[in-house]
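K.L.:
For reference, the structure I am asking about is given below.
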Amino acid sequence: GSEMSKFIKSNYITIGSVRNNLFKISSSYEKKTLCYISRYPDIFAEYSRHKDMQKIKKQFDSWQIELLEFSFKLLSNLKNYCLSNNLNLNILAKENRDKYSDLEYEFYNHILGKNGWTFHPRKSLYDSYEKIDKYEIVISLTSSLGQEAIARGKKVAFFTHDQCVGSNFGWPLIKEKKGNFFTNSNDEKEINRIINYLFSLTDEEWKKSIKPYEKKLFFYDKDNSILKKILKDLPY
């Protein structure tokens with residue numbers, strides 16, 4: 001809002017994600033659990049079908065290939081973290097169960113192997129919101145659901161494959177590429193640092209730490225009360 005106001009003169013009202021606001025936040029979750037929000041663009045699906053990197057490199061742009069390779073290492077290191085800490089890696093699928101979830105499962109199965117993780121297909125368009133509330137920590141590869149999760153008060157670890165300022169989490173409000181809960185690295189050391197930090201915080205400590213970013217980067221408005229009032233007050 002503050003950045004846009006430099007270019008467009010208007011009054012701005014923060015309402016958050018309309019869809020996210022429709023779902024009541026559940027504060028009940030199992031301690032010492034985590035989930036990974038699946039990001040599954042076309043290049044991931046193509047890799048699931050053929051697993052041929054030479055063919056992939058001929059079909060897709062360099063930034064897409066970098067994202068794919070970044071994801072390989074991130075997922076592998078996340079599984080290593082989980083194994084070392086006696087945790088299960090829960091993958092929240094992007095695709096619906098009746099669509100491409102078999103291909104999506106194969107993508108993760110190829111990287112993670114048979115054990116130490118669980119794949120959760122989407123049962124409906126909106127069940128992801130209910131799922132993320134069940135875990136203590138949510139891991140996001142620059143997904144919009146990750147932004148919605150932090151708006152719901154979840155502890156979220158953000159990873160981005162982009163190395164340039166401007167593509168980092170929270171830009172332009174946040175200029176740094178690395179912070180307490182975000183990074184542009186997929187190294188084991190960074191994964192350990194961020195997830196250990198999030199596990200060390202109480203819910204109250206976490207919410208206090210992200211308070212400066214509320215309304216600027218994310219916002220939750222239960223039942224869309226702000227939007228409803230705006231629409232109600234519109235002249236007819």
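Here's how to read the names in the structure tokens: chain A, B, ... by the order shown, residue numbers from 1 in each chain, ligand numbers from 1 in the order shown.
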List as a PyMOL selection string the protein and nucleic acid residues near Arg19 in chain A, meaning an atom at most 10 Å away when only C-alpha atoms are counted, but skip any in the same chain fewer than 5 places from it.

P.N.:
chain A and resi 126+129+148+223-224

K.L.:
Dump N, CA, C and O atoms for the selected residues as a short mmCIF file (atom, residue, chain, number, x, y, z; two decimals), in the first residue's frame?

P.N.:
```
data_model
loop_
_atom_site.label_atom_id
_atom_site.label_comp_id
_atom_site.auth_asym_id
_atom_site.auth_seq_id
_atom_site.Cartn_x
_atom_site.Cartn_y
_atom_site.Cartn_z
N TYR A 126 -10.87 -25.89 -0.89
CA TYR A 126 -10.54 -25.06 0.26
C TYR A 126 -9.98 -25.82 1.47
O TYR A 126 -9.73 -25.20 2.50
N TYR A 129 -6.77 -24.79 4.00
CA TYR A 129 -6.80 -23.92 5.17
C TYR A 129 -6.98 -24.72 6.46
O TYR A 129 -6.38 -24.41 7.49
N GLU A 148 -1.00 -16.62 3.39
CA GLU A 148 -2.28 -16.75 4.09
C GLU A 148 -2.10 -17.47 5.42
O GLU A 148 -2.78 -17.16 6.41
N ASP A 223 -14.34 -13.48 8.65
CA ASP A 223 -15.63 -13.35 7.95
C ASP A 223 -15.69 -12.14 7.02
O ASP A 223 -16.78 -11.71 6.63
N ASN A 224 -14.51 -11.57 6.68
CA ASN A 224 -14.47 -10.42 5.76
C ASN A 224 -15.33 -9.26 6.26
O ASN A 224 -16.04 -8.61 5.48
#
```

K.L.:
At a cut-off of 8 Å, using only C-alpha atoms, what residues contact Leu74 in chain A? Leave out same-chain residues fewer than 3 positions from it and give the result as a list in words.

P.N.:
Phe70, Ser71, Asn77, Leu78, Asn186 and Asp187 of chain A

K.L.:
So which one's closest to Ser76 in chain A, A:Ile191, A:Ala149, A:Ile37, A:Val138? Using only C-alpha atoms, please.

P.N.:
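Smallest separation from Ser76 in chain A among the options: A:Ile191.
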
K.L.:
From the DSSP assignment of the backbone, select every residue of range 137-227 of chain A that is strand (DSSP E or B), and format the answer as JSON, numbers by chain.

P.N.:
{"A": [137, 138, 139, 140, 155, 156, 157, 158, 159, 182, 183, 214, 218]}

K.L.:
Each residue of range 120-164 of chain A lying at most 8 Å from range 92-96 of chain A should get a row with its shortest atom-to-atom pair and the distance in Å to one decimal, counting only C-alpha atoms; could you produce that, ordered by chain and increasing number, as a Markdown table?

P.N.:
```
| residue | atom | partner | partner_atom | distance |
| --- | --- | --- | --- | --- |
| A:His120 | CA | A:Leu92 | CA | 5.1 |
| A:Pro121 | CA | A:Ala93 | CA | 4.9 |
| A:Arg122 | CA | A:Asn96 | CA | 4.6 |
| A:Lys123 | CA | A:Asn96 | CA | 6.1 |
| A:Ser124 | CA | A:Asn96 | CA | 6.6 |
| A:Leu125 | CA | A:Asn96 | CA | 7.4 |
| A:Ser128 | CA | A:Leu92 | CA | 7.4 |
| A:Lys131 | CA | A:Leu92 | CA | 7.8 |
```

K.L.:
Tell me, in Å to one decimal, how far CA of Lys79 in chain A is from CA of Ile65 in chain A.

P.N.:
21.4 Å

K.L.:
Compile the contact shell of range 21-27 of chain A as a ChimeraX atom specification: residues with an atom at most 7 Å away, counting only C-alpha atoms, same-chain residues fewer than 5 positions apart removed.

P.N.:
/A:133,152,220-224

K.L.:
Let's have the selection written as a CSV table (one decimal), in the first residue's frame, with N, CA and C atoms.

P.N.:
```csv
chain,number,residue,atom,x,y,z
A,133,ASP,N,-3.7,-25.4,9.6
A,133,ASP,CA,-4.0,-25.1,11.0
A,133,ASP,C,-3.6,-26.3,11.9
A,152,ARG,N,-2.9,-16.2,9.4
A,152,ARG,CA,-3.7,-17.0,10.3
A,152,ARG,C,-2.9,-17.2,11.6
A,220,TYR,N,-5.5,-10.9,8.4
A,220,TYR,CA,-6.6,-11.8,8.5
A,220,TYR,C,-7.8,-11.0,9.1
A,221,ASP,N,-8.9,-11.0,8.4
A,221,ASP,CA,-10.1,-10.3,8.8
A,221,ASP,C,-11.3,-11.4,8.8
A,222,LYS,N,-11.6,-11.9,10.0
A,222,LYS,CA,-12.6,-12.9,10.2
A,222,LYS,C,-13.9,-12.6,9.5
A,223,ASP,N,-14.3,-13.5,8.7
A,223,ASP,CA,-15.6,-13.3,8.0
A,223,ASP,C,-15.7,-12.1,7.0
A,224,ASN,N,-14.5,-11.6,6.7
A,224,ASN,CA,-14.5,-10.4,5.8
A,224,ASN,C,-15.3,-9.3,6.3
```

K.L.:
Among range 31-195 of chain A, which residues does DSSP mark as alpha helix (DSSP H) when it is run on the backbone? Keep the chain and numbering as in the structure and answer as a VMD selection string.

P.N.:
chain A and resid 42 to 50 53 to 59 62 to 84 101 to 112 127 to 132 144 to 151 188 to 195

K.L.:
May I have the residues from that selection written out with C-alpha atoms, as a PDB file, in the first residue's frame?

P.N.:
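Listing of part.pdb after writing:
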```pdb
ATOM      1  CA  ASP A  42       4.223 -27.028 -15.158  1.00  0.00           C
ATOM      2  CA  ILE A  43       7.946 -27.773 -15.050  1.00  0.00           C
ATOM      3  CA  PHE A  44       7.454 -29.958 -11.964  1.00  0.00           C
ATOM      4  CA  ALA A  45       4.661 -31.883 -13.697  1.00  0.00           C
ATOM      5  CA  GLU A  46       6.810 -32.358 -16.788  1.00  0.00           C
ATOM      6  CA  TYR A  47       9.649 -33.670 -14.652  1.00  0.00           C
ATOM      7  CA  SER A  48       7.216 -36.104 -12.999  1.00  0.00           C
ATOM      8  CA  ARG A  49       6.305 -37.506 -16.409  1.00  0.00           C
ATOM      9  CA  HIS A  50       9.775 -38.006 -17.884  1.00  0.00           C
ATOM     10  CA  MET A  53      16.582 -32.975 -17.215  1.00  0.00           C
ATOM     11  CA  GLN A  54      18.032 -32.587 -20.713  1.00  0.00           C
ATOM     12  CA  LYS A  55      14.538 -32.467 -22.173  1.00  0.00           C
ATOM     13  CA  ILE A  56      13.420 -30.118 -19.391  1.00  0.00           C
ATOM     14  CA  LYS A  57      16.246 -27.675 -20.135  1.00  0.00           C
ATOM     15  CA  LYS A  58      15.139 -27.449 -23.773  1.00  0.00           C
ATOM     16  CA  GLN A  59      11.510 -26.732 -22.874  1.00  0.00           C
ATOM     17  CA  SER A  62      16.391 -20.754 -16.897  1.00  0.00           C
ATOM     18  CA  TRP A  63      14.501 -19.353 -13.881  1.00  0.00           C
ATOM     19  CA  GLN A  64      12.095 -22.301 -13.997  1.00  0.00           C
ATOM     20  CA  ILE A  65      14.977 -24.759 -14.097  1.00  0.00           C
ATOM     21  CA  GLU A  66      16.594 -22.965 -11.154  1.00  0.00           C
ATOM     22  CA  LEU A  67      13.323 -23.282  -9.219  1.00  0.00           C
ATOM     23  CA  LEU A  68      13.164 -27.006  -9.941  1.00  0.00           C
ATOM     24  CA  GLU A  69      16.774 -27.604  -8.888  1.00  0.00           C
ATOM     25  CA  PHE A  70      16.326 -25.429  -5.797  1.00  0.00           C
ATOM     26  CA  SER A  71      13.301 -27.525  -4.829  1.00  0.00           C
ATOM     27  CA  PHE A  72      15.227 -30.786  -5.205  1.00  0.00           C
ATOM     28  CA  LYS A  73      17.841 -29.708  -2.688  1.00  0.00           C
ATOM     29  CA  LEU A  74      15.366 -28.011  -0.356  1.00  0.00           C
ATOM     30  CA  LEU A  75      13.151 -31.093  -0.118  1.00  0.00           C
ATOM     31  CA  SER A  76      16.100 -33.428   0.325  1.00  0.00           C
ATOM     32  CA  ASN A  77      17.509 -31.292   3.137  1.00  0.00           C
ATOM     33  CA  LEU A  78      14.091 -30.917   4.748  1.00  0.00           C
ATOM     34  CA  LYS A  79      13.761 -34.684   4.874  1.00  0.00           C
ATOM     35  CA  ASN A  80      17.228 -34.959   6.416  1.00  0.00           C
ATOM     36  CA  TYR A  81      16.191 -32.453   9.066  1.00  0.00           C
ATOM     37  CA  CYS A  82      13.035 -34.428   9.812  1.00  0.00           C
ATOM     38  CA  LEU A  83      14.910 -37.725  10.055  1.00  0.00           C
ATOM     39  CA  SER A  84      17.496 -36.192  12.375  1.00  0.00           C
ATOM     40  CA  SER A 101      -2.290 -35.749  -7.673  1.00  0.00           C
ATOM     41  CA  ASP A 102      -0.755 -39.066  -8.859  1.00  0.00           C
ATOM     42  CA  LEU A 103       1.833 -37.163 -10.889  1.00  0.00           C
ATOM     43  CA  GLU A 104       2.387 -34.757  -8.024  1.00  0.00           C
ATOM     44  CA  TYR A 105       2.889 -37.673  -5.633  1.00  0.00           C
ATOM     45  CA  GLU A 106       5.407 -39.199  -8.022  1.00  0.00           C
ATOM     46  CA  PHE A 107       7.381 -35.944  -8.052  1.00  0.00           C
ATOM     47  CA  TYR A 108       7.857 -36.099  -4.280  1.00  0.00           C
ATOM     48  CA  ASN A 109       8.296 -39.855  -4.198  1.00  0.00           C
ATOM     49  CA  HIS A 110      11.188 -39.570  -6.647  1.00  0.00           C
ATOM     50  CA  ILE A 111      12.936 -36.989  -4.455  1.00  0.00           C
ATOM     51  CA  LEU A 112      12.056 -38.205  -0.961  1.00  0.00           C
ATOM     52  CA  ASP A 127      -9.381 -27.850   2.584  1.00  0.00           C
ATOM     53  CA  SER A 128      -5.803 -26.527   2.588  1.00  0.00           C
ATOM     54  CA  TYR A 129      -6.801 -23.919   5.173  1.00  0.00           C
ATOM     55  CA  GLU A 130      -8.020 -26.591   7.562  1.00  0.00           C
ATOM     56  CA  LYS A 131      -4.864 -28.632   7.014  1.00  0.00           C
ATOM     57  CA  ILE A 132      -2.314 -25.914   7.708  1.00  0.00           C
ATOM     58  CA  SER A 144       0.350 -17.512  -1.645  1.00  0.00           C
ATOM     59  CA  LEU A 145      -0.926 -20.105   0.842  1.00  0.00           C
ATOM     60  CA  GLY A 146       2.204 -19.439   2.892  1.00  0.00           C
ATOM     61  CA  GLN A 147       1.243 -15.768   3.081  1.00  0.00           C
ATOM     62  CA  GLU A 148      -2.279 -16.753   4.091  1.00  0.00           C
ATOM     63  CA  ALA A 149      -0.890 -19.142   6.716  1.00  0.00           C
ATOM     64  CA  ILE A 150       1.146 -16.411   8.417  1.00  0.00           C
ATOM     65  CA  ALA A 151      -1.960 -14.209   8.358  1.00  0.00           C
ATOM     66  CA  GLU A 188      20.963 -27.636   5.651  1.00  0.00           C
ATOM     67  CA  LYS A 189      22.462 -25.008   7.949  1.00  0.00           C
ATOM     68  CA  GLU A 190      19.804 -22.459   6.968  1.00  0.00           C
ATOM     69  CA  ILE A 191      16.994 -24.993   7.246  1.00  0.00           C
ATOM     70  CA  ASN A 192      18.166 -25.981  10.725  1.00  0.00           C
ATOM     71  CA  ARG A 193      18.488 -22.338  11.775  1.00  0.00           C
ATOM     72  CA  ILE A 194      15.004 -21.300  10.706  1.00  0.00           C
ATOM     73  CA  ILE A 195      13.026 -24.360  11.785  1.00  0.00           C
TER      74      ILE A 195
END
```

K.L.:
Of the candidates A:Asn180, A:Ser28, A:Thr160, A:Asn20, which shows the shortest atom-to-atom distance to Ile210 in chain A, using only C-alpha atoms?

P.N.:
A:Asn180

K.L.:
With distances taken over only C-alpha atoms, which residue among A:Thr33, A:Ser209, A:Ser38, A:Asn86 lies nearest Gly116 in chain A?

P.N.:
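Looking only at the distances to Gly116 in chain A, the closest residue turns out to be A:Asn86.
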
K.L.:
Could you tell me how far CA of Lys215 in chain A sits from CA of Thr14 in chain A, in Å to one decimal place?

P.N.:
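That distance, rounded to one decimal, is 6.3 Å.
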
K.L.:
Closest to Leu89 in chain A among A:Lys32, A:Tyr213, A:Arg39, A:Phe169, using only C-alpha atoms?

P.N.:
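Closest to Leu89 in chain A of all the choices is A:Lys32.
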
K.L.:
What does the distance between CA of Glu136 in chain A and CA of Val18 in chain A come to in Å, to one decimal place?

P.N.:
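CA of Val18 in chain A lies 23.5 Å from CA of Glu136 in chain A.
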
K.L.:
If we count only C-alpha atoms, what is near Asn168 in chain A at a cut-off of 8 Å, once residues fewer than 6 positions away on the same chain are taken out, given as a PDB file with N, CA and C atoms, in the first residue's frame?

P.N.:
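After the write, out02.pdb holds the following:
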```
ATOM      1  N   THR A 160      12.990 -18.984  -0.721  1.00  0.00           N
ATOM      2  CA  THR A 160      12.877 -18.510  -2.109  1.00  0.00           C
ATOM      3  C   THR A 160      14.151 -18.836  -2.860  1.00  0.00           C
ATOM      4  N   ASP A 162      15.128 -17.215  -5.572  1.00  0.00           N
ATOM      5  CA  ASP A 162      15.662 -16.018  -6.216  1.00  0.00           C
ATOM      6  C   ASP A 162      16.794 -15.418  -5.393  1.00  0.00           C
ATOM      7  N   ILE A 174      10.787  -5.476   3.347  1.00  0.00           N
ATOM      8  CA  ILE A 174      11.982  -6.139   3.859  1.00  0.00           C
ATOM      9  C   ILE A 174      13.036  -6.161   2.755  1.00  0.00           C
ATOM     10  N   LYS A 175      14.173  -5.620   3.033  1.00  0.00           N
ATOM     11  CA  LYS A 175      15.246  -5.547   2.038  1.00  0.00           C
ATOM     12  C   LYS A 175      16.211  -6.732   2.137  1.00  0.00           C
ATOM     13  N   GLU A 176      16.305  -7.335   3.324  1.00  0.00           N
ATOM     14  CA  GLU A 176      17.269  -8.414   3.544  1.00  0.00           C
ATOM     15  C   GLU A 176      16.815  -9.706   2.858  1.00  0.00           C
ATOM     16  N   LYS A 177      17.781 -10.490   2.420  1.00  0.00           N
ATOM     17  CA  LYS A 177      17.477 -11.782   1.805  1.00  0.00           C
ATOM     18  C   LYS A 177      17.276 -12.874   2.848  1.00  0.00           C
ATOM     19  N   THR A 183      14.562 -17.018   4.054  1.00  0.00           N
ATOM     20  CA  THR A 183      15.904 -17.117   3.489  1.00  0.00           C
ATOM     21  C   THR A 183      15.819 -17.390   1.994  1.00  0.00           C
ATOM     22  N   ASN A 184      16.894 -17.100   1.283  1.00  0.00           N
ATOM     23  CA  ASN A 184      16.985 -17.460  -0.134  1.00  0.00           C
ATOM     24  C   ASN A 184      17.945 -18.632  -0.326  1.00  0.00           C
TER      25      ASN A 184
END
```
